[in-house]
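Q: First, the structure itself, so that you have it in front of you.
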Amino acid sequence: MFDSLNDRLSGLFDRLSGRGVLSEKDVDEALREVRVALLEADVALPVVRQFMTRAKELATGEAIIKAVKPADQVVKIVYDGLIDMLGGEEPVPVNLNAVPPVVILMAGLQGSGKTTTSAKLALRLTKFDRKKVMMASLDTRRPAAMEQLKLLGEQTGVDVLPIVAGQSPAEITRRALQSAKLQGYDVLILDTAGRTTLDEALMAEAAEIAKISNPTETFLVADSLTGQDAVRTATAFHERLPLTGLILTRADGDGRGGAMLSMRAVTGLPIKYLGAGEKVEALDVFDARRIAGRILGQGDIVALVEKAAQELDASKAEAMARKMAKGQFDLDDLSAQLQQMKKMGGMTGIMGMLPGVQKVKKQIEESNFSDKIFDRQVAIISSMTKLERKKPDLLNASRKRRIAAGAGVDVAEINRLLKQHRQMADTFKMMSRSNGRGAMGQMAKMFGL
Ligand code: GDP
């Protein structure tokens, strides 16, 4: 999987790293090449577009770290973009927190690997999570499918609900639930019937079983080698069933990887596991970082850029603290602080992170303090000249009128901002002398509370 994508991207990065300096045009061209590579790997067009918008933002935004080689920076941007596309960094295991038996419903087309995956998952939960697991096949139209699950049960040592001829899927579901309850099973895996194509009867049956069994997890099993067809299948199933996650099989095959890369963004569903072979042990927890690393094959560079970014953040924070302590907190610093605060979830978000400030937090909430104020204040500051930002004392009436027009606010708001900045600068100076005592009260005052 991902071989051709890996080849193309490695070639691109090799060429980039051969050049010391990259112009904006070079970066643009490189990103265009990444776009072509993603499209060739059969990634859905809207997903590629989303990736490009984000990558361009990162390539031109503040996140650029001067200490890192531009070529390495491009690697990191692509890496972050891939992780974004795959839905975040942390692998999310299956939810086993419901009242037992936790029901896991398995849906998918015939041949997608649904039955094999049911057994693989059962084995994982038995072996690693120490759960008592029962499986049941609901495929009443294909006796062979029921037999297959029974065999897989014997092979993995996982219990399978005994087959009773002539029962409907709904009846088997009820029997399985009761059996699992009575016999103290932790998890019940229901393997629904598959069809070769999507059809209404299949959907209606799966929806009925979901209604009866109230599953904690409903997984769609899809064959990653079928590319965008797998994405369409997932979308169709998701319209009828409350899916909670995806399992992609045949990740060991030599597909282009487009399904895996598009699935999350198109369906909004997390990929939980990857099937990686025919053996019952071949099921991996899905890990976006691992996949992105495999596609790029540039692990060292990613680690290096991450470290440089952390160092930069730390040194920025230190520089800011030194300025604050000296009372040299200018309007550029205020603007940076406001943007940082917004990133951290606004004033209420920041307060929520601090222990022992519930009272202040409540006051903020009650005062209707809107985080939109941050945006307006940043707009005001960016309407000032460089010199004005360094020396706010220069701001006389006519300058204020000019800035007000530029930022689309009235002069009174500029005056409020300047007053707030003065108070902040004074408070920071004072805080650094008193080691932060009374700081929270002062902060609240600054925001007019
Ligand atoms: P179902 O009809 O959806 O239940 O599909 P099955 O579970 O019967 O699987 C169909 C075939 O695909 C079987 O031969 C499996 O061994 C194979 N298979 C399932 N998952 C994987 C996988 O992740 N990798 C590979 N290589 N083969 C798989």
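In the structure tokens, chains take letters A, B, ... by order of appearance, with residues numbered from 1 within each chain and ligands from 1 in the order shown.
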How would you write, as an mmCIF file with N, CA and C atoms, in the first residue's frame, the set of residues no farther than 6 Å from ligand 1 when counting only C-alpha atoms and all ligand atoms?
A:
data_model
loop_
_atom_site.group_PDB
_atom_site.id
_atom_site.type_symbol
_atom_site.label_atom_id
_atom_site.label_comp_id
_atom_site.auth_asym_id
_atom_site.auth_seq_id
_atom_site.Cartn_x
_atom_site.Cartn_y
_atom_site.Cartn_z
ATOM 1 N N LEU A 109 -20.106 -5.117 2.836
ATOM 2 C CA LEU A 109 -20.457 -5.920 1.666
ATOM 3 C C LEU A 109 -19.840 -7.303 1.769
ATOM 4 N N GLN A 110 -20.457 -8.249 1.052
ATOM 5 C CA GLN A 110 -19.906 -9.609 1.016
ATOM 6 C C GLN A 110 -18.517 -9.574 0.366
ATOM 7 N N GLY A 111 -17.591 -10.286 0.982
ATOM 8 C CA GLY A 111 -16.250 -10.331 0.413
ATOM 9 C C GLY A 111 -15.349 -9.217 0.924
ATOM 10 N N SER A 112 -15.909 -8.296 1.741
ATOM 11 C CA SER A 112 -15.081 -7.188 2.245
ATOM 12 C C SER A 112 -14.111 -7.688 3.315
ATOM 13 N N GLY A 113 -14.413 -8.870 3.866
ATOM 14 C CA GLY A 113 -13.565 -9.400 4.940
ATOM 15 C C GLY A 113 -14.253 -9.284 6.291
ATOM 16 N N LYS A 114 -15.578 -9.125 6.259
ATOM 17 C CA LYS A 114 -16.338 -8.871 7.481
ATOM 18 C C LYS A 114 -16.251 -10.028 8.480
ATOM 19 N N THR A 115 -16.451 -11.233 8.013
ATOM 20 C CA THR A 115 -16.454 -12.379 8.928
ATOM 21 C C THR A 115 -15.063 -12.618 9.512
ATOM 22 N N THR A 116 -14.054 -12.583 8.644
ATOM 23 C CA THR A 116 -12.675 -12.748 9.127
ATOM 24 C C THR A 116 -12.349 -11.663 10.153
ATOM 25 N N THR A 249 -9.918 -3.395 5.389
ATOM 26 C CA THR A 249 -9.186 -4.650 5.209
ATOM 27 C C THR A 249 -8.236 -4.556 4.018
ATOM 28 N N ARG A 250 -7.403 -5.561 3.899
ATOM 29 C CA ARG A 250 -6.423 -5.692 2.812
ATOM 30 C C ARG A 250 -5.461 -4.513 2.746
ATOM 31 N N ALA A 251 -5.138 -3.971 3.917
ATOM 32 C CA ALA A 251 -4.116 -2.916 3.967
ATOM 33 C C ALA A 251 -2.753 -3.522 3.626
ATOM 34 N N ASP A 252 -2.672 -4.840 3.615
ATOM 35 C CA ASP A 252 -1.426 -5.520 3.236
ATOM 36 C C ASP A 252 -1.294 -5.623 1.712
ATOM 37 N N GLY A 275 -7.066 -4.264 8.608
ATOM 38 C CA GLY A 275 -6.802 -5.675 8.371
ATOM 39 C C GLY A 275 -5.517 -5.776 7.572
ATOM 40 N N ALA A 276 -4.598 -6.601 8.052
ATOM 41 C CA ALA A 276 -3.277 -6.604 7.408
ATOM 42 C C ALA A 276 -2.839 -8.000 7.000
ATOM 43 N N GLY A 277 -3.793 -8.865 6.636
ATOM 44 C CA GLY A 277 -3.420 -10.204 6.191
ATOM 45 C C GLY A 277 -4.552 -11.179 6.425
ATOM 46 N N GLU A 278 -4.349 -12.408 5.959
ATOM 47 C CA GLU A 278 -5.418 -13.406 6.103
ATOM 48 C C GLU A 278 -5.429 -14.069 7.465
#
Q: Just want the 12 Å neighbourhood of Val266 (chain A), counted on only C-alpha atoms, with same-chain residues fewer than 3 positions away dropped. Output as a ChimeraX atom specification.
A: /A:43-48,50,85-87,228,230-236,238,258-263,269-271
Q: Which of these, A:Leu39, A:Leu5, A:Val280, A:Ile381, has the shortest distance to Leu151 (chain A) once you count only C-alpha atoms?
A: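 Using only C-alpha atoms, Leu151 (chain A) sits closest to A:Val280.
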Q: Counting only C-alpha atoms, what is within 12 Å of Gly18 (chain A), bar same-chain residues fewer than 4 positions away, as an mmCIF file with N, CA and C atoms, in the first residue's frame?
A:
data_model
loop_
_atom_site.group_PDB
_atom_site.id
_atom_site.type_symbol
_atom_site.label_atom_id
_atom_site.label_comp_id
_atom_site.auth_asym_id
_atom_site.auth_seq_id
_atom_site.Cartn_x
_atom_site.Cartn_y
_atom_site.Cartn_z
ATOM 1 N N GLY A 11 10.796 11.238 -4.083
ATOM 2 C CA GLY A 11 11.501 11.886 -5.194
ATOM 3 C C GLY A 11 11.443 13.396 -5.054
ATOM 4 N N LEU A 12 10.254 13.884 -4.730
ATOM 5 C CA LEU A 12 10.064 15.331 -4.580
ATOM 6 C C LEU A 12 10.934 15.876 -3.438
ATOM 7 N N PHE A 13 10.896 15.192 -2.288
ATOM 8 C CA PHE A 13 11.657 15.687 -1.140
ATOM 9 C C PHE A 13 13.164 15.644 -1.406
ATOM 10 N N ASP A 14 13.604 14.613 -2.114
ATOM 11 C CA ASP A 14 15.023 14.528 -2.463
ATOM 12 C C ASP A 14 15.442 15.743 -3.288
ATOM 13 N N LEU A 22 14.451 27.931 -0.687
ATOM 14 C CA LEU A 22 13.238 27.725 -1.494
ATOM 15 C C LEU A 22 12.465 29.037 -1.558
ATOM 16 N N LYS A 69 15.470 23.927 7.749
ATOM 17 C CA LYS A 69 15.620 24.005 6.290
ATOM 18 C C LYS A 69 14.246 24.018 5.610
ATOM 19 N N PRO A 70 14.075 24.889 4.621
ATOM 20 C CA PRO A 70 12.750 24.964 3.975
ATOM 21 C C PRO A 70 12.258 23.608 3.467
ATOM 22 N N ALA A 71 13.159 22.794 2.926
ATOM 23 C CA ALA A 71 12.729 21.492 2.407
ATOM 24 C C ALA A 71 12.156 20.628 3.529
ATOM 25 N N ASP A 72 12.792 20.668 4.700
ATOM 26 C CA ASP A 72 12.303 19.897 5.851
ATOM 27 C C ASP A 72 10.938 20.411 6.300
#
Q: I'd like the contact shell of Ala136 (chain A) - 8 Å cut-off, only C-alpha atoms, skipping same-chain residues fewer than 3 positions apart - returned as a list in words.
A: Leu149, Val160, Leu161, Ile172, Thr173, Ala176, Leu188, Ile189, Leu190 and Asp191 of chain A
Q: Within 12 Å of Glu413 (chain A), counting only C-alpha atoms, which residues show up once you throw out same-chain ones fewer than 5 positions away? Write them as number ranges by chain, please.
A: A: 373, 376-377, 379-381, 400-401, 403-405, 407-408, 418-420
Q: Would you mind exporting the chosen residues as a PDB file, in the first residue's frame, restricted to C-alpha atoms?
A:
ATOM      1  CA  ILE A 373     -13.562  40.945  20.933  1.00  0.00           C
ATOM      2  CA  ARG A 376     -11.684  43.087  16.673  1.00  0.00           C
ATOM      3  CA  GLN A 377      -8.759  43.994  18.876  1.00  0.00           C
ATOM      4  CA  ALA A 379      -7.870  44.062  13.650  1.00  0.00           C
ATOM      5  CA  ILE A 380      -7.377  47.395  15.430  1.00  0.00           C
ATOM      6  CA  ILE A 381      -3.739  46.657  16.152  1.00  0.00           C
ATOM      7  CA  LYS A 400      -7.045  57.131  16.119  1.00  0.00           C
ATOM      8  CA  ARG A 401      -9.652  58.243  13.562  1.00  0.00           C
ATOM      9  CA  ILE A 403      -7.184  53.421  12.616  1.00  0.00           C
ATOM     10  CA  ALA A 404     -10.885  53.345  13.532  1.00  0.00           C
ATOM     11  CA  ALA A 405     -11.791  53.698   9.857  1.00  0.00           C
ATOM     12  CA  ALA A 407     -10.508  48.478  11.441  1.00  0.00           C
ATOM     13  CA  GLY A 408     -14.202  49.329  11.117  1.00  0.00           C
ATOM     14  CA  LEU A 418      -5.219  51.267  24.781  1.00  0.00           C
ATOM     15  CA  LYS A 419      -6.371  51.506  28.375  1.00  0.00           C
ATOM     16  CA  GLN A 420      -6.432  47.734  28.613  1.00  0.00           C
TER      17      GLN A 420
END
Q: Give the helix (DSSP H, G or I) residues of region 3-162 of chain A, as DSSP finds them on the backbone, and put them as a count of residues only.
A: 92
Q: Quick check, in Å to one decimal: how far apart do CA of Gly406 (chain A) and CA of Glu388 (chain A) lie?
A: 14.2 Å
Q: Using only C-alpha atoms, which of A:Gly227, A:Pro392, A:Gly268, A:Gly257 sits nearest Gly245 (chain A)?
A: A:Gly268
Q: Work out how far CA of Pro91 (chain A) is from CA of Ile104 (chain A), in Å to one decimal.
A: 18.3 Å
Q: Using only C-alpha atoms, which protein or nucleic acid residues come within 8 Å of Leu243 (chain A)? Drop anything in the same chain fewer than 6 positions from it, and give the result as a PyMOL selection string.
A: chain A and resi 217-220+237+269
Q: For the residues selected in the previous step, produce a file with C-alpha atoms as a PDB file, in the first residue's frame.
A:
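out-v1.pdb, written as the output of this step:
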ATOM      1  CA  GLU A 217     -20.026   0.225  18.268  1.00  0.00           C
ATOM      2  CA  THR A 218     -21.229  -0.265  14.707  1.00  0.00           C
ATOM      3  CA  PHE A 219     -18.291  -0.872  12.426  1.00  0.00           C
ATOM      4  CA  LEU A 220     -18.294  -0.858   8.678  1.00  0.00           C
ATOM      5  CA  PHE A 237     -24.091   2.567   4.947  1.00  0.00           C
ATOM      6  CA  LEU A 269     -15.916   8.449  10.807  1.00  0.00           C
TER       7      LEU A 269
END
Q: Quick one: everything within 9 Å of region 74-82 of chain A, counting only C-alpha atoms, minus sequence neighbours fewer than 6 positions away in the same chain. Send it as a tab-separated table (two decimals) with C-alpha atoms, in the first residue's frame.
A:
chain	number	residue	atom	x	y	z
A	13	PHE	CA	11.66	15.69	-1.14
A	16	LEU	CA	13.89	19.88	-2.65
A	27	VAL	CA	7.05	25.81	-2.24
A	30	ALA	CA	6.18	21.45	-4.53
A	31	LEU	CA	2.70	21.53	-3.02
A	34	VAL	CA	1.98	16.73	-3.75
A	51	PHE	CA	-5.41	19.31	2.23
A	52	MET	CA	-4.11	21.97	-0.17
A	54	ARG	CA	-4.47	23.78	4.94
A	55	ALA	CA	-0.98	23.15	3.55
A	56	LYS	CA	-0.88	26.59	1.92
A	58	LEU	CA	0.83	26.41	7.02
A	59	ALA	CA	3.41	27.19	4.34
A	261	LEU	CA	-6.71	8.55	2.86
A	288	ALA	CA	-2.50	8.05	11.79
A	289	ARG	CA	1.10	8.89	12.74
A	291	ILE	CA	0.52	5.68	8.35
A	292	ALA	CA	1.75	9.21	7.64
A	293	GLY	CA	5.25	8.06	8.57
A	295	ILE	CA	3.80	7.26	3.35
A	296	LEU	CA	6.56	9.82	3.77
A	298	GLN	CA	10.93	10.77	6.59
A	301	ILE	CA	12.99	15.01	9.58
A	302	VAL	CA	9.54	15.18	11.16
A	303	ALA	CA	11.02	14.65	14.63
A	305	VAL	CA	11.11	19.94	12.88
A	306	GLU	CA	8.85	19.13	15.84
Q: Among region 53-252 of chain A, which residues carry a DSSP assignment of strand (DSSP E), reported as a PyMOL selection string?
A: chain A and resi 102-108+133-137+159-160+187-191+217-223+245-249
Q: Produce a file of the selected residues containing C-alpha atoms, as an mmCIF file, in the first residue's frame.
A:
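What follows is the written file out02.cif:
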data_model
loop_
_atom_site.group_PDB
_atom_site.id
_atom_site.type_symbol
_atom_site.label_atom_id
_atom_site.label_comp_id
_atom_site.auth_asym_id
_atom_site.auth_seq_id
_atom_site.Cartn_x
_atom_site.Cartn_y
_atom_site.Cartn_z
ATOM 1 C CA VAL A 102 -21.128 -4.574 24.919
ATOM 2 C CA VAL A 103 -22.569 -5.129 21.442
ATOM 3 C CA ILE A 104 -20.358 -4.604 18.394
ATOM 4 C CA LEU A 105 -22.233 -4.725 15.108
ATOM 5 C CA MET A 106 -20.234 -5.572 12.011
ATOM 6 C CA ALA A 107 -21.596 -4.412 8.651
ATOM 7 C CA GLY A 108 -20.241 -4.466 5.134
ATOM 8 C CA VAL A 133 -16.302 -12.535 23.888
ATOM 9 C CA MET A 134 -19.118 -14.251 21.992
ATOM 10 C CA MET A 135 -19.663 -14.052 18.238
ATOM 11 C CA ALA A 136 -22.877 -14.702 16.311
ATOM 12 C CA SER A 137 -23.498 -14.914 12.579
ATOM 13 C CA ASP A 159 -17.195 -18.837 21.572
ATOM 14 C CA VAL A 160 -19.762 -18.724 18.781
ATOM 15 C CA VAL A 187 -18.700 -8.436 24.474
ATOM 16 C CA LEU A 188 -21.056 -9.719 21.784
ATOM 17 C CA ILE A 189 -19.938 -9.378 18.161
ATOM 18 C CA LEU A 190 -22.766 -9.591 15.637
ATOM 19 C CA ASP A 191 -21.671 -10.463 12.096
ATOM 20 C CA GLU A 217 -20.026 0.225 18.268
ATOM 21 C CA THR A 218 -21.229 -0.265 14.707
ATOM 22 C CA PHE A 219 -18.291 -0.872 12.426
ATOM 23 C CA LEU A 220 -18.294 -0.858 8.678
ATOM 24 C CA VAL A 221 -15.788 -3.268 7.209
ATOM 25 C CA ALA A 222 -14.578 -2.100 3.799
ATOM 26 C CA ASP A 223 -12.006 -3.411 1.377
ATOM 27 C CA GLY A 245 -16.130 3.546 13.032
ATOM 28 C CA LEU A 246 -14.475 1.958 10.040
ATOM 29 C CA ILE A 247 -12.275 -1.072 9.626
ATOM 30 C CA LEU A 248 -10.322 -1.238 6.386
ATOM 31 C CA THR A 249 -9.186 -4.650 5.209
#
Q: Can you work out the spacing between CA of Asn97 (chain A) and CA of Arg124 (chain A) in Å, to one decimal?
A: 16.4 Å
